[in-house]
$ cat upload.cif   # mmCIF, C-alpha atoms
data_input
loop_
_atom_site.label_atom_id
_atom_site.label_comp_id
_atom_site.auth_asym_id
_atom_site.auth_seq_id
_atom_site.Cartn_x
_atom_site.Cartn_y
_atom_site.Cartn_z
CA MET Q 263 -0.49 -12.12 -20.69
CA SER Q 264 -3.83 -13.53 -19.56
CA LEU Q 265 -5.14 -13.18 -16.07
CA GLU Q 266 -5.47 -16.96 -15.87
CA SER Q 267 -1.75 -17.35 -16.36
CA MET Q 268 -1.08 -15.07 -13.39
CA PHE Q 269 -3.54 -16.68 -10.99
CA HIS Q 270 -1.80 -20.03 -10.69
CA GLY Q 271 -4.41 -21.76 -8.56
CA THR Q 272 -5.03 -22.16 -4.92
CA GLY Q 273 -3.14 -23.14 -1.82
CA TYR Q 274 -0.17 -21.81 0.09
CA VAL Q 275 3.31 -22.83 -1.00
CA THR Q 276 6.53 -22.72 0.96
CA SER Q 277 9.73 -21.27 -0.40
CA THR Q 278 11.17 -24.77 -0.76
CA SER Q 279 8.24 -26.23 -2.65
CA PHE Q 280 8.00 -23.11 -4.78
CA TYR Q 281 11.56 -23.39 -6.02
CA LYS Q 282 11.35 -27.16 -6.48
CA ALA Q 283 8.27 -26.73 -8.64
CA PHE Q 284 9.31 -23.76 -10.75
CA GLY Q 285 13.10 -23.72 -10.62
CA ASN Q 286 15.42 -20.80 -11.27
CA ARG Q 287 13.13 -18.95 -13.64
CA HIS Q 288 11.29 -17.61 -10.62
CA ARG Q 289 14.42 -16.76 -8.65
CA LEU Q 290 15.32 -13.11 -8.56
CA VAL Q 291 18.71 -13.80 -10.13
CA ASP Q 292 20.37 -12.23 -13.14
CA PRO Q 293 22.60 -14.91 -14.75
CA ALA Q 294 24.46 -12.28 -16.78
CA ARG Q 295 25.66 -10.62 -13.60
CA GLY Q 296 26.01 -13.81 -11.63
CA GLY Q 297 24.15 -12.33 -8.69
CA ALA Q 298 20.79 -11.35 -7.38
CA ARG Q 299 18.74 -9.18 -9.70
CA HIS Q 300 17.07 -7.80 -6.62
CA ARG Q 301 18.88 -7.56 -3.33
CA TYR Q 302 16.01 -9.22 -1.51
CA ALA Q 303 16.95 -12.53 -3.14
CA GLY Q 304 19.97 -12.57 -0.91
CA ARG Q 305 17.93 -12.98 2.31
CA ARG Q 306 19.06 -15.69 4.60
CA SER Q 307 17.82 -19.13 3.59
CA ARG Q 308 19.71 -21.27 6.09
CA CYS Q 309 17.68 -22.25 9.13
CA ARG Q 310 19.21 -21.11 12.38
CA THR Q 311 19.50 -23.82 14.99
CA THR Q 312 18.82 -23.11 18.60
CA MET Q 313 21.61 -23.53 21.09
CA ILE Q 314 19.53 -24.55 24.09
CA GLN Q 315 20.93 -27.77 25.54
CA GLY Q 316 18.56 -30.73 25.55
CA LEU Q 317 16.43 -29.43 22.67
CA GLY Q 318 18.70 -30.44 19.81
CA ASP Q 319 16.33 -33.12 18.50
CA PRO Q 320 13.63 -32.11 15.98
CA VAL Q 321 10.77 -32.80 18.39
CA GLY Q 322 12.32 -30.62 21.08
CA GLN Q 323 12.95 -27.84 18.58
CA THR Q 324 9.33 -28.01 17.44
CA TRP Q 325 8.01 -27.74 20.98
CA LEU Q 326 10.33 -24.83 21.70
CA THR Q 327 9.17 -23.06 18.53
CA LEU Q 328 5.52 -23.60 19.47
CA ALA Q 329 6.13 -22.39 23.01
CA VAL Q 330 7.82 -19.19 21.83
CA MET Q 331 5.13 -18.54 19.21
CA PHE Q 332 2.31 -18.99 21.74
CA SER Q 333 4.16 -16.88 24.30
CA ALA Q 334 4.67 -14.08 21.77
CA SER Q 335 1.00 -14.30 20.77
CA THR Q 336 -0.14 -14.07 24.39
CA ALA Q 337 2.27 -11.23 25.11
CA GLY Q 338 0.80 -9.28 22.21
CA ILE Q 339 -2.74 -9.69 23.49
CA VAL Q 340 -1.80 -8.79 27.07
CA GLY Q 341 0.53 -5.97 26.02
CA GLU Q 342 -2.17 -4.31 23.91
CA LYS Q 343 -4.09 -3.54 27.10
CA THR Q 344 -1.30 -1.31 28.39
CA LYS Q 345 -1.09 2.39 27.52
CA ILE Q 346 1.91 1.95 25.25
CA GLY Q 347 0.66 -1.33 23.80
CA ALA Q 348 -2.66 0.20 22.81
CA HIS Q 349 -0.73 2.54 20.51
CA VAL Q 350 1.37 -0.28 19.08
CA SER Q 351 -1.28 -3.04 18.62
CA ALA Q 352 -1.08 -6.71 19.51
CA PRO Q 353 0.10 -7.98 16.09
CA LEU Q 354 3.14 -5.71 16.04
CA ILE Q 355 4.08 -6.59 19.63
CA THR Q 356 3.89 -10.28 18.74
CA MET Q 357 5.93 -9.85 15.57
CA LEU Q 358 8.63 -7.85 17.36
CA ILE Q 359 9.01 -10.55 20.03
CA ALA Q 360 9.18 -13.28 17.40
CA ILE Q 361 11.73 -11.32 15.35
CA ILE Q 362 13.94 -10.87 18.42
CA ALA Q 363 13.66 -14.58 19.27
CA SER Q 364 14.56 -15.54 15.71
CA GLU Q 365 17.46 -13.10 15.44
CA ALA Q 366 18.82 -14.34 18.79
CA GLY Q 367 18.73 -17.94 17.57
CA VAL Q 368 16.17 -19.06 20.15
CA ILE Q 369 13.87 -20.32 17.38
CA PRO Q 370 14.69 -21.10 13.73
CA SER Q 371 13.94 -18.74 10.86
CA THR Q 372 12.44 -21.59 8.81
CA SER Q 373 10.32 -24.37 10.25
CA ALA Q 374 7.53 -26.74 9.30
CA VAL Q 375 5.58 -25.14 12.15
CA TYR Q 376 5.37 -21.89 10.17
CA ASP Q 377 4.17 -23.74 7.07
CA VAL Q 378 1.42 -25.47 9.07
CA THR Q 379 0.40 -22.12 10.52
CA ASN Q 380 0.01 -20.56 7.07
CA ARG Q 381 -1.69 -23.55 5.47
CA TYR Q 382 -4.11 -24.56 8.24
CA ILE Q 383 -4.19 -22.24 11.26
CA VAL Q 384 -4.95 -19.05 9.31
CA PRO Q 385 -7.81 -20.52 7.21
CA LEU Q 386 -9.30 -21.95 10.42
CA ALA Q 387 -9.17 -18.54 12.12
CA ILE Q 388 -10.86 -16.49 9.41
CA PRO Q 389 -14.46 -17.81 9.60
CA MET Q 390 -14.43 -17.49 13.39
CA LEU Q 391 -13.74 -13.77 13.06
CA LEU Q 392 -16.72 -13.36 10.74
CA TYR Q 393 -19.49 -14.98 12.80
CA GLU Q 394 -21.06 -11.52 13.27
CA ALA Q 395 -20.64 -10.35 9.67
CA ASP Q 396 -24.35 -9.81 9.08
CA ILE Q 397 -24.27 -7.33 6.21
CA ARG Q 398 -27.87 -6.25 6.83
CA LYS Q 399 -27.12 -5.37 10.46
CA ILE Q 400 -24.00 -3.47 9.49
CA LEU Q 401 -25.92 -1.38 6.96
CA LYS Q 402 -28.73 -0.61 9.42
CA THR Q 403 -26.79 0.28 12.58
CA THR Q 404 -23.72 2.16 11.41
CA LYS Q 405 -24.89 4.68 8.81
CA SER Q 406 -22.60 7.53 9.89
CA MET Q 407 -19.60 5.24 10.32
CA LEU Q 408 -20.40 3.66 6.97
CA ILE Q 409 -19.89 7.03 5.29
CA ALA Q 410 -16.57 7.42 7.07
CA PHE Q 411 -15.63 3.85 6.12
CA ALA Q 412 -16.52 4.55 2.48
CA CYS Q 413 -14.22 7.57 2.57
CA GLY Q 414 -11.43 5.37 3.91
CA PHE Q 415 -12.16 2.73 1.29
CA ILE Q 416 -11.88 5.25 -1.54
CA ALA Q 417 -8.83 6.83 0.10
CA THR Q 418 -7.02 3.47 0.18
CA VAL Q 419 -7.73 2.89 -3.50
CA MET Q 420 -6.42 6.35 -4.37
CA GLY Q 421 -3.39 5.79 -2.15
CA THR Q 422 -2.71 2.48 -3.90
CA LEU Q 423 -2.82 4.09 -7.32
CA ALA Q 424 -0.57 6.94 -6.15
CA ALA Q 425 2.02 4.56 -4.68
CA TRP Q 426 1.86 2.38 -7.81
CA ALA Q 427 2.61 5.40 -9.98
CA ILE Q 428 5.30 6.94 -7.78
CA VAL Q 429 7.28 4.16 -6.09
CA PRO Q 430 8.97 1.37 -8.10
CA LEU Q 431 8.72 -2.02 -6.43
CA ASN Q 432 11.12 -3.85 -8.76
CA PHE Q 433 9.77 -7.32 -8.01
CA GLY Q 434 8.78 -7.95 -11.62
CA ALA Q 435 5.67 -10.09 -11.99
CA GLU Q 436 5.04 -9.84 -8.25
CA ASP Q 437 4.46 -6.07 -8.33
CA TRP Q 438 0.74 -6.07 -9.06
CA LYS Q 439 0.21 -8.86 -6.51
CA ILE Q 440 1.95 -6.80 -3.81
CA ALA Q 441 -0.12 -3.73 -4.72
CA ALA Q 442 -3.37 -5.71 -4.57
CA GLY Q 443 -2.39 -7.30 -1.26
CA LEU Q 444 -1.50 -4.00 0.39
CA CYS Q 445 -4.69 -2.44 -0.92
CA ALA Q 446 -6.64 -5.27 0.74
CA ARG Q 447 -4.60 -4.88 3.91
CA HIS Q 448 -5.45 -1.18 4.18
CA ILE Q 449 -9.14 -1.72 3.46
CA GLY Q 450 -9.88 -4.60 5.79
CA GLY Q 451 -6.78 -5.64 7.71
CA ALA Q 452 -3.92 -8.12 7.70
CA LEU Q 453 -6.01 -11.23 7.03
CA ASN Q 454 -7.11 -9.74 3.69
CA LEU Q 455 -3.47 -9.37 2.68
CA VAL Q 456 -3.03 -13.07 3.39
CA ALA Q 457 -6.17 -13.95 1.43
CA VAL Q 458 -5.14 -11.94 -1.64
CA SER Q 459 -1.61 -13.34 -1.49
CA GLU Q 460 -3.03 -16.86 -1.37
CA VAL Q 461 -5.05 -16.36 -4.54
CA THR Q 462 -2.33 -14.54 -6.47
CA ARG Q 463 0.38 -16.95 -5.26
CA VAL Q 464 2.86 -14.37 -4.03
CA ASP Q 465 6.31 -15.84 -3.37
CA PRO Q 466 6.20 -16.61 0.39
CA SER Q 467 9.63 -15.07 1.01
CA ILE Q 468 8.48 -11.82 -0.60
CA LEU Q 469 5.21 -11.95 1.34
CA THR Q 470 7.20 -12.13 4.58
CA ALA Q 471 9.07 -8.94 3.64
CA VAL Q 472 5.81 -7.21 2.64
CA ILE Q 473 4.18 -8.02 5.98
CA ALA Q 474 7.24 -6.97 7.99
CA ALA Q 475 7.71 -3.72 6.08
CA ASP Q 476 4.04 -2.79 6.17
CA ASN Q 477 3.75 -3.45 9.90
CA ILE Q 478 6.61 -1.04 10.57
CA ILE Q 479 4.80 1.71 8.65
CA VAL Q 480 1.42 0.83 10.16
CA PHE Q 481 2.96 1.15 13.62
CA PHE Q 482 3.90 4.78 12.95
CA TYR Q 483 0.58 5.45 11.22
CA PHE Q 484 -1.34 4.26 14.26
CA LEU Q 485 0.77 6.52 16.46
CA TRP Q 486 -0.18 9.44 14.21
CA LEU Q 487 -3.89 8.53 14.38
CA PHE Q 488 -3.74 8.47 18.18
CA VAL Q 489 -1.97 11.83 18.33
CA ALA Q 490 -4.46 13.40 15.89
CA SER Q 491 -7.40 11.90 17.78
CA ARG Q 492 -6.17 13.21 21.13
CA ALA Q 493 -6.18 16.71 19.66
CA LEU Q 494 -9.90 16.54 18.86
CA ASN Q 495 -11.13 16.65 22.48
CA ARG Q 496 -14.33 14.96 21.37
CA VAL Q 497 -17.19 14.86 23.89
CA VAL Q 498 -18.96 11.50 23.96
CA PRO Q 499 -22.73 11.92 23.53
CA ALA Q 500 -25.12 9.83 25.58
CA GLY Q 501 -26.24 6.86 23.54
CA ASN Q 502 -25.17 3.51 22.28
CA THR Q 503 -22.70 1.62 24.44
CA ALA Q 504 -24.09 -1.83 23.79
CA ASN Q 505 -22.00 -4.77 22.72
CA VAL Q 506 -22.01 -5.98 19.14
CA SER Q 507 -23.96 -9.15 19.55
CA GLY Q 508 -26.40 -7.82 22.12
CA ASP Q 509 -25.93 -11.09 24.01
CA GLU Q 510 -24.42 -11.01 27.52
CA LYS Q 511 -24.54 -14.81 27.92
CA GLU Q 512 -21.22 -16.22 29.02
CA SER Q 513 -19.65 -18.64 26.58
CA ASN Q 514 -18.99 -22.20 27.75
CA THR Q 515 -16.93 -25.12 26.51
CA GLU Q 516 -19.73 -26.21 24.20
CA ASP Q 517 -19.79 -22.82 22.48
CA PHE Q 518 -16.03 -22.88 21.91
CA ALA Q 519 -16.24 -26.41 20.53
CA LYS Q 520 -19.05 -25.44 18.16
CA ALA Q 521 -17.17 -22.32 17.00
CA VAL Q 522 -14.05 -24.27 16.06
CA THR Q 523 -15.99 -27.14 14.50
CA MET Q 524 -18.12 -24.80 12.42
CA SER Q 525 -15.01 -23.08 11.12
CA ALA Q 526 -13.46 -26.41 10.14
CA VAL Q 527 -16.64 -27.40 8.27
CA ILE Q 528 -16.69 -24.03 6.49
CA CYS Q 529 -13.07 -24.57 5.42
CA ILE Q 530 -13.93 -28.01 4.00
CA LEU Q 531 -16.83 -26.58 2.02
CA ALA Q 532 -14.67 -23.67 0.84
CA LYS Q 533 -11.97 -26.06 -0.34
CA VAL Q 534 -14.51 -28.10 -2.33
CA ILE Q 535 -16.08 -24.97 -3.84
CA ALA Q 536 -12.70 -23.44 -4.73
CA ALA Q 537 -11.68 -26.64 -6.51
CA ASN Q 538 -14.83 -26.78 -8.63
CA ILE Q 539 -15.54 -23.20 -9.69
CA PRO Q 540 -14.40 -22.05 -13.15
CA PHE Q 541 -12.18 -19.23 -11.87
CA PRO Q 542 -9.23 -19.27 -9.46
CA ALA Q 543 -9.97 -18.85 -5.76
CA GLY Q 544 -8.30 -19.74 -2.48
CA ILE Q 545 -9.69 -21.36 0.63
CA ILE Q 546 -9.42 -18.13 2.65
CA SER Q 547 -11.25 -15.90 0.19
CA THR Q 548 -13.86 -18.59 -0.52
CA SER Q 549 -14.50 -19.34 3.15
CA SER Q 550 -14.80 -15.60 3.89
CA PHE Q 551 -17.43 -15.15 1.20
CA LEU Q 552 -19.25 -18.32 2.29
CA ILE Q 553 -19.42 -17.42 5.99
CA VAL Q 554 -20.61 -13.86 5.26
CA CYS Q 555 -23.45 -15.26 3.14
CA LEU Q 556 -24.42 -17.80 5.82
CA VAL Q 557 -24.30 -15.28 8.67
CA THR Q 558 -26.37 -12.76 6.71
CA ALA Q 559 -28.96 -15.45 5.87
CA ALA Q 560 -29.18 -16.94 9.38
CA PRO Q 561 -27.57 -14.64 11.98
CA GLN Q 562 -29.39 -16.32 14.88
CA VAL Q 563 -27.55 -19.57 14.22
CA PHE Q 564 -24.13 -17.93 14.56
CA ARG Q 565 -24.94 -15.48 17.36
CA PRO Q 566 -23.87 -17.84 20.19
CA LEU Q 567 -20.58 -18.44 18.36
CA VAL Q 568 -19.57 -14.77 18.04
CA LYS Q 569 -17.74 -14.40 21.37
CA PRO Q 570 -15.93 -17.76 21.46
CA GLY Q 571 -15.13 -17.50 17.76
CA SER Q 572 -13.65 -14.05 18.21
CA ILE Q 573 -11.51 -15.18 21.15
CA VAL Q 574 -10.10 -18.23 19.38
CA GLY Q 575 -9.80 -16.46 16.01
CA VAL Q 576 -7.86 -13.52 17.41
CA PHE Q 577 -5.42 -15.82 19.18
CA LEU Q 578 -4.86 -17.96 16.08
CA LEU Q 579 -4.16 -14.84 14.03
CA GLN Q 580 -1.65 -13.81 16.69
CA VAL Q 581 0.09 -17.15 16.12
CA PHE Q 582 0.20 -16.27 12.42
CA PHE Q 583 1.89 -12.95 13.21
CA ALA Q 584 4.38 -14.79 15.41
CA ALA Q 585 5.21 -17.13 12.53
CA ASN Q 586 5.74 -14.21 10.17
CA GLY Q 587 7.84 -12.38 12.71
CA ALA Q 588 10.06 -15.43 13.15
CA THR Q 589 10.73 -15.62 9.42
CA GLY Q 590 11.25 -11.88 9.02
CA SER Q 591 13.79 -9.33 10.09
CA ILE Q 592 13.47 -5.58 10.40
CA GLY Q 593 17.15 -5.24 9.58
CA MET Q 594 16.62 -7.43 6.51
CA VAL Q 595 13.78 -5.21 5.36
CA PHE Q 596 15.94 -2.10 5.68
CA ARG Q 597 18.82 -3.77 3.86
CA SER Q 598 17.04 -5.74 1.18
CA ALA Q 599 13.65 -4.24 0.40
CA PRO Q 600 13.37 -0.69 1.77
CA GLN Q 601 11.13 0.28 -1.16
CA LEU Q 602 8.36 -1.81 0.43
CA MET Q 603 8.31 0.54 3.42
CA VAL Q 604 8.40 3.56 1.12
CA TRP Q 605 5.52 2.10 -0.90
CA SER Q 606 3.36 1.54 2.20
CA ALA Q 607 4.26 4.97 3.55
CA VAL Q 608 3.22 6.70 0.31
CA GLN Q 609 0.04 4.64 0.17
CA LEU Q 610 -1.00 5.58 3.71
CA PHE Q 611 0.07 9.21 3.23
CA PHE Q 612 -2.32 9.61 0.30
CA HIS Q 613 -4.92 7.51 2.12
CA PHE Q 614 -4.96 10.03 4.96
CA LEU Q 615 -4.98 13.08 2.68
CA VAL Q 616 -7.88 11.78 0.59
CA LEU Q 617 -9.70 10.60 3.73
CA VAL Q 618 -9.59 14.04 5.34
CA GLY Q 619 -10.50 15.74 2.05
CA LEU Q 620 -13.52 13.54 1.45
CA GLY Q 621 -14.57 13.88 5.08
CA ARG Q 622 -14.46 17.66 4.84
CA LEU Q 623 -16.55 17.64 1.67
CA GLY Q 624 -19.08 15.30 3.25
CA LYS Q 625 -18.95 17.06 6.65
CA VAL Q 626 -18.13 13.77 8.40
CA ASP Q 627 -17.13 13.78 12.08
CA ARG Q 628 -13.32 13.80 12.19
CA ALA Q 629 -13.31 11.23 15.01
CA MET Q 630 -15.30 8.83 12.85
CA LEU Q 631 -12.89 9.39 9.97
CA TYR Q 632 -9.86 8.53 12.11
CA LEU Q 633 -11.61 5.51 13.59
CA ALA Q 634 -12.71 4.31 10.15
CA SER Q 635 -9.14 4.66 8.94
CA ASN Q 636 -7.98 2.55 11.86
CA ALA Q 637 -10.63 -0.06 10.98
CA ASN Q 638 -9.43 -0.01 7.37
CA VAL Q 639 -5.77 -0.44 8.18
CA GLY Q 640 -5.94 -2.60 11.30
CA GLY Q 641 -9.35 -4.26 11.33
CA PRO Q 642 -12.12 -4.29 13.95
CA THR Q 643 -9.92 -5.20 16.93
CA THR Q 644 -7.53 -2.25 16.58
CA ALA Q 645 -10.44 0.08 15.83
CA ALA Q 646 -12.27 -1.06 18.96
CA ALA Q 647 -9.06 -0.62 20.98
CA MET Q 648 -8.65 2.91 19.66
CA ALA Q 649 -12.29 3.81 20.41
CA SER Q 650 -11.87 2.49 23.96
CA ALA Q 651 -8.54 4.26 24.46
CA MET Q 652 -10.13 7.53 23.32
CA SER Q 653 -13.16 6.89 25.59
CA TRP Q 654 -15.44 7.09 22.55
CA ARG Q 655 -17.86 4.54 23.98
CA ASP Q 656 -20.55 5.36 21.45
CA LEU Q 657 -18.23 4.43 18.57
CA VAL Q 658 -16.94 1.07 19.80
CA VAL Q 659 -19.73 -0.96 18.21
CA PRO Q 660 -19.78 0.96 14.88
CA ALA Q 661 -15.98 0.63 14.67
CA ILE Q 662 -16.18 -3.14 15.09
CA LEU Q 663 -18.97 -3.49 12.56
CA VAL Q 664 -17.32 -1.44 9.80
CA GLY Q 665 -14.09 -3.30 10.52
CA ILE Q 666 -15.97 -6.54 9.88
CA LEU Q 667 -17.35 -5.02 6.68
CA GLY Q 668 -13.76 -4.34 5.64
CA TYR Q 669 -12.89 -7.97 6.34
CA ALA Q 670 -15.82 -9.09 4.21
CA THR Q 671 -15.22 -6.86 1.17
CA ALA Q 672 -11.51 -6.05 0.89
CA THR Q 673 -10.30 -9.32 -0.62
CA ILE Q 674 -12.70 -9.48 -3.56
CA PHE Q 675 -12.36 -5.80 -4.41
CA SER Q 676 -8.57 -5.80 -4.18
CA LEU Q 677 -8.30 -8.85 -6.42
CA GLY Q 678 -10.33 -6.92 -8.97
CA LEU Q 679 -8.09 -3.88 -8.61
CA GLY Q 680 -5.04 -6.10 -9.00
CA ALA Q 681 -6.44 -7.49 -12.23
CA VAL Q 682 -6.99 -3.93 -13.48
CA LEU Q 683 -3.41 -2.97 -12.62
CA LEU Q 684 -2.13 -6.05 -14.40
CA ARG Q 685 -4.17 -5.33 -17.52
CA ILE Q 686 -3.19 -1.66 -17.56
CA SER Q 687 0.46 -2.60 -17.19
CA ALA Q 688 0.29 -5.13 -20.01
CA THR Q 689 -1.56 -2.89 -22.48
CA SER Q 690 -0.94 0.82 -22.10
CA GLY Q 691 2.00 1.04 -19.73
CA PHE Q 692 0.09 3.65 -17.74
CA LEU Q 693 0.81 3.68 -14.02
CA VAL Q 694 3.61 1.16 -14.49
CA PRO Q 695 6.28 1.73 -11.82
CA ARG Q 696 9.48 3.03 -13.32
#
$ encode --input "upload.cif" --output "structure tokens"
Amino acid sequence: MSLESMFHGTGYVTSTSFYKAFGNRHRLVDPARGGARHRYAGRRSRCRTTMIQGLGDPVGQTWLTLAVMFSASTAGIVGEKTKIGAHVSAPLITMLIAIIASEAGVIPSTSAVYDVTNRYIVPLAIPMLLYEADIRKILKTTKSMLIAFACGFIATVMGTLAAWAIVPLNFGAEDWKIAAGLCARHIGGALNLVAVSEVTRVDPSILTAVIAADNIIVFFYFLWLFVASRALNRVVPAGNTANVSGDEKESNTEDFAKAVTMSAVICILAKVIAANIPFPAGIISTSSFLIVCLVTAAPQVFRPLVKPGSIVGVFLLQVFFAANGATGSIGMVFRSAPQLMVWSAVQLFFHFLVLVGLGRLGKVDRAMLYLASNANVGGPTTAAAMASAMSWRDLVVPAILVGILGYATATIFSLGLGAVLLRISATSGFLVPR
């Protein structure tokens, strides 16, 4: 089986369009048994309708869905600033609220709003989060954290291989795509999982389960990191407490407008490039690579856009988590695809073991190791939140910068690892889940 046959192209497909295009041969159904070959195929497919009087028309339902999604997104951002919320993280708070709203029938479990979010909102958010991804600056200012980040990078790869060998996923041709996506997620953050899934064309219904299951495990992993970090009693040395951009200028309406417009232009260019290069690529991965190159070449152009881009980008990603929460269900994950949680748990277990082992060999500060792990798994925002919660003021900037480095590198590397897993599976059978 060639790699080209597995990378089906670009773009994000909905469950409906996927099945219309490819038919039953991609359904997880065993005709001989007359039932689902994998229990996850039995997830609910019928859209729940809300019971709120006066909102029965499609337009009213759409506005209600948008209102709930935005409210959940805002609640996640606000809730993360509380003591409990800082341990949970904004994305998980948002997903939990959206899941509850969906399960209660307040919003539907399938909606065109969610498709628009995945196809347009997420690609628009990604470049805005990378306006400070100057690779040269990252390499110059975060040498110690870079070592810790490299340990976390290697630890995630080793954890991925361990989980691949130990835990069967049983999703057939989707297995290597899930492994690559979760590797990207635990190197750079959730947006890298989305980017890898876009390129590999993971079935959207399976992707929903992967995100839901992984977020449950990540929630407990973050709790463990906070507990382990509290036990260090690290004394903060006098030194760097500067902000990332070094620019205290307040952003205005013009800056926000430029940040959004620039991101839209980058997405257009990425779409054109992805459609004309000789190998498969998606708009998210292409735009990420393009913006990193542009920022590294001309950081002064993007410096005024860093703060407004980060604000808008973070909120748009929160809307994405709300959409995924609305289409997911924790109970469904436990009932239909518990092996996804086991897979993520094994991956992060080995990630932590290898991380600590490499850190001990390299004599790396344990606080930096834990913070780098947080940057790997959650991205720069959760890493910065953890550094602030721990009062490690000197590590806030390095945590953000290595988190950005994870954003910039995880997608490409994980796609390569996925290709290796696919080739190994097809040729030798080594590391193929039983």
$ atom_distance --input "upload.cif" --atom1 "CA of Pro430 (chain Q)" --atom2 "CA of Phe481 (chain Q)"
22.5 Å
$ residues_around --input "upload.cif" --residues "region 600-604 of chain Q" --least-positions-apart "4" --cutoff "8 Å" --atoms "only C-alpha atoms" --output "ChimeraX atom specification"
/Q:429-431,471-472,475-476,478-479,595-596,608
$ resolve_selection --input "upload.cif" --expression "the PyMOL selection byres ((chain Q and resi 550) around 8)" --output "count of residues only"
12
$ residues_near_point --input "upload.cif" --point "(3.7, -10.7, 22.1)" --cutoff "8 Å" --atoms "only C-alpha atoms" --output "ChimeraX atom specification"
/Q:333-341,352-360,584
$ residues_around --input "upload.cif" --residues "Val375 (chain Q)" --least-positions-apart "4" --cutoff "9 Å" --atoms "all atoms listed in the file" --output "mmCIF file with C-alpha atoms, in the frame of the given file"
data_model
loop_
_atom_site.group_PDB
_atom_site.id
_atom_site.type_symbol
_atom_site.label_atom_id
_atom_site.label_comp_id
_atom_site.auth_asym_id
_atom_site.auth_seq_id
_atom_site.Cartn_x
_atom_site.Cartn_y
_atom_site.Cartn_z
ATOM 1 C CA THR Q 324 9.330 -28.010 17.440
ATOM 2 C CA THR Q 327 9.170 -23.060 18.530
ATOM 3 C CA LEU Q 328 5.520 -23.600 19.470
ATOM 4 C CA THR Q 379 0.400 -22.120 10.520
ATOM 5 C CA ASN Q 380 0.010 -20.560 7.070
ATOM 6 C CA ALA Q 585 5.210 -17.130 12.530
#
$ closest_residue --input "upload.cif" --among "Q:Leu684, Q:Val658, Q:Ala629, Q:Leu579" --to "Ala410 (chain Q)" --atoms "only C-alpha atoms"
Q:Ala629
$ closest_residue --input "upload.cif" --among "Q:Leu657, Q:Cys445, Q:Leu485, Q:Leu326" --to "Gly347 (chain Q)" --atoms "all atoms listed in the file"
Q:Leu485
$ atom_distance --input "upload.cif" --atom1 "CA of Gly665 (chain Q)" --atom2 "CA of Ile361 (chain Q)"
27.5 Å
$ residues_around --input "upload.cif" --residues "region 448-461 of chain Q" --least-positions-apart "3" --cutoff "6 Å" --atoms "all atoms listed in the file" --output "ChimeraX atom specification"
/Q:272,274,415,443,445,464,543-544,546-547,638-641,668-669,672-673
$ residues_near_point --input "upload.cif" --point "(13.4, -13.8, 15.2)" --cutoff "7 Å" --atoms "all atoms listed in the file" --output "ChimeraX atom specification"
/Q:360-366,369,371,587-591
$ write_last_selection --input "upload.cif" --atoms "C-alpha atoms" --output "PDB file, keeping the file's coordinate frame"
ATOM      1  CA  ALA Q 360       9.180 -13.280  17.400  1.00  0.00           C
ATOM      2  CA  ILE Q 361      11.730 -11.320  15.350  1.00  0.00           C
ATOM      3  CA  ILE Q 362      13.940 -10.870  18.420  1.00  0.00           C
ATOM      4  CA  ALA Q 363      13.660 -14.580  19.270  1.00  0.00           C
ATOM      5  CA  SER Q 364      14.560 -15.540  15.710  1.00  0.00           C
ATOM      6  CA  GLU Q 365      17.460 -13.100  15.440  1.00  0.00           C
ATOM      7  CA  ALA Q 366      18.820 -14.340  18.790  1.00  0.00           C
ATOM      8  CA  ILE Q 369      13.870 -20.320  17.380  1.00  0.00           C
ATOM      9  CA  SER Q 371      13.940 -18.740  10.860  1.00  0.00           C
ATOM     10  CA  GLY Q 587       7.840 -12.380  12.710  1.00  0.00           C
ATOM     11  CA  ALA Q 588      10.060 -15.430  13.150  1.00  0.00           C
ATOM     12  CA  THR Q 589      10.730 -15.620   9.420  1.00  0.00           C
ATOM     13  CA  GLY Q 590      11.250 -11.880   9.020  1.00  0.00           C
ATOM     14  CA  SER Q 591      13.790  -9.330  10.090  1.00  0.00           C
TER      15      SER Q 591
END
$ atom_distance --input "upload.cif" --atom1 "CA of Leu623 (chain Q)" --atom2 "CA of Phe611 (chain Q)"
18.7 Å
$ closest_residue --input "upload.cif" --among "Q:Leu408, Q:Lys343, Q:Val527, Q:Val563" --to "Ala634 (chain Q)" --atoms "all atoms listed in the file"
Q:Leu408
$ closest_residue --input "upload.cif" --among "Q:Ile409, Q:Val480, Q:Val557, Q:Val330" --to "Gly624 (chain Q)" --atoms "all atoms listed in the file"
Q:Ile409
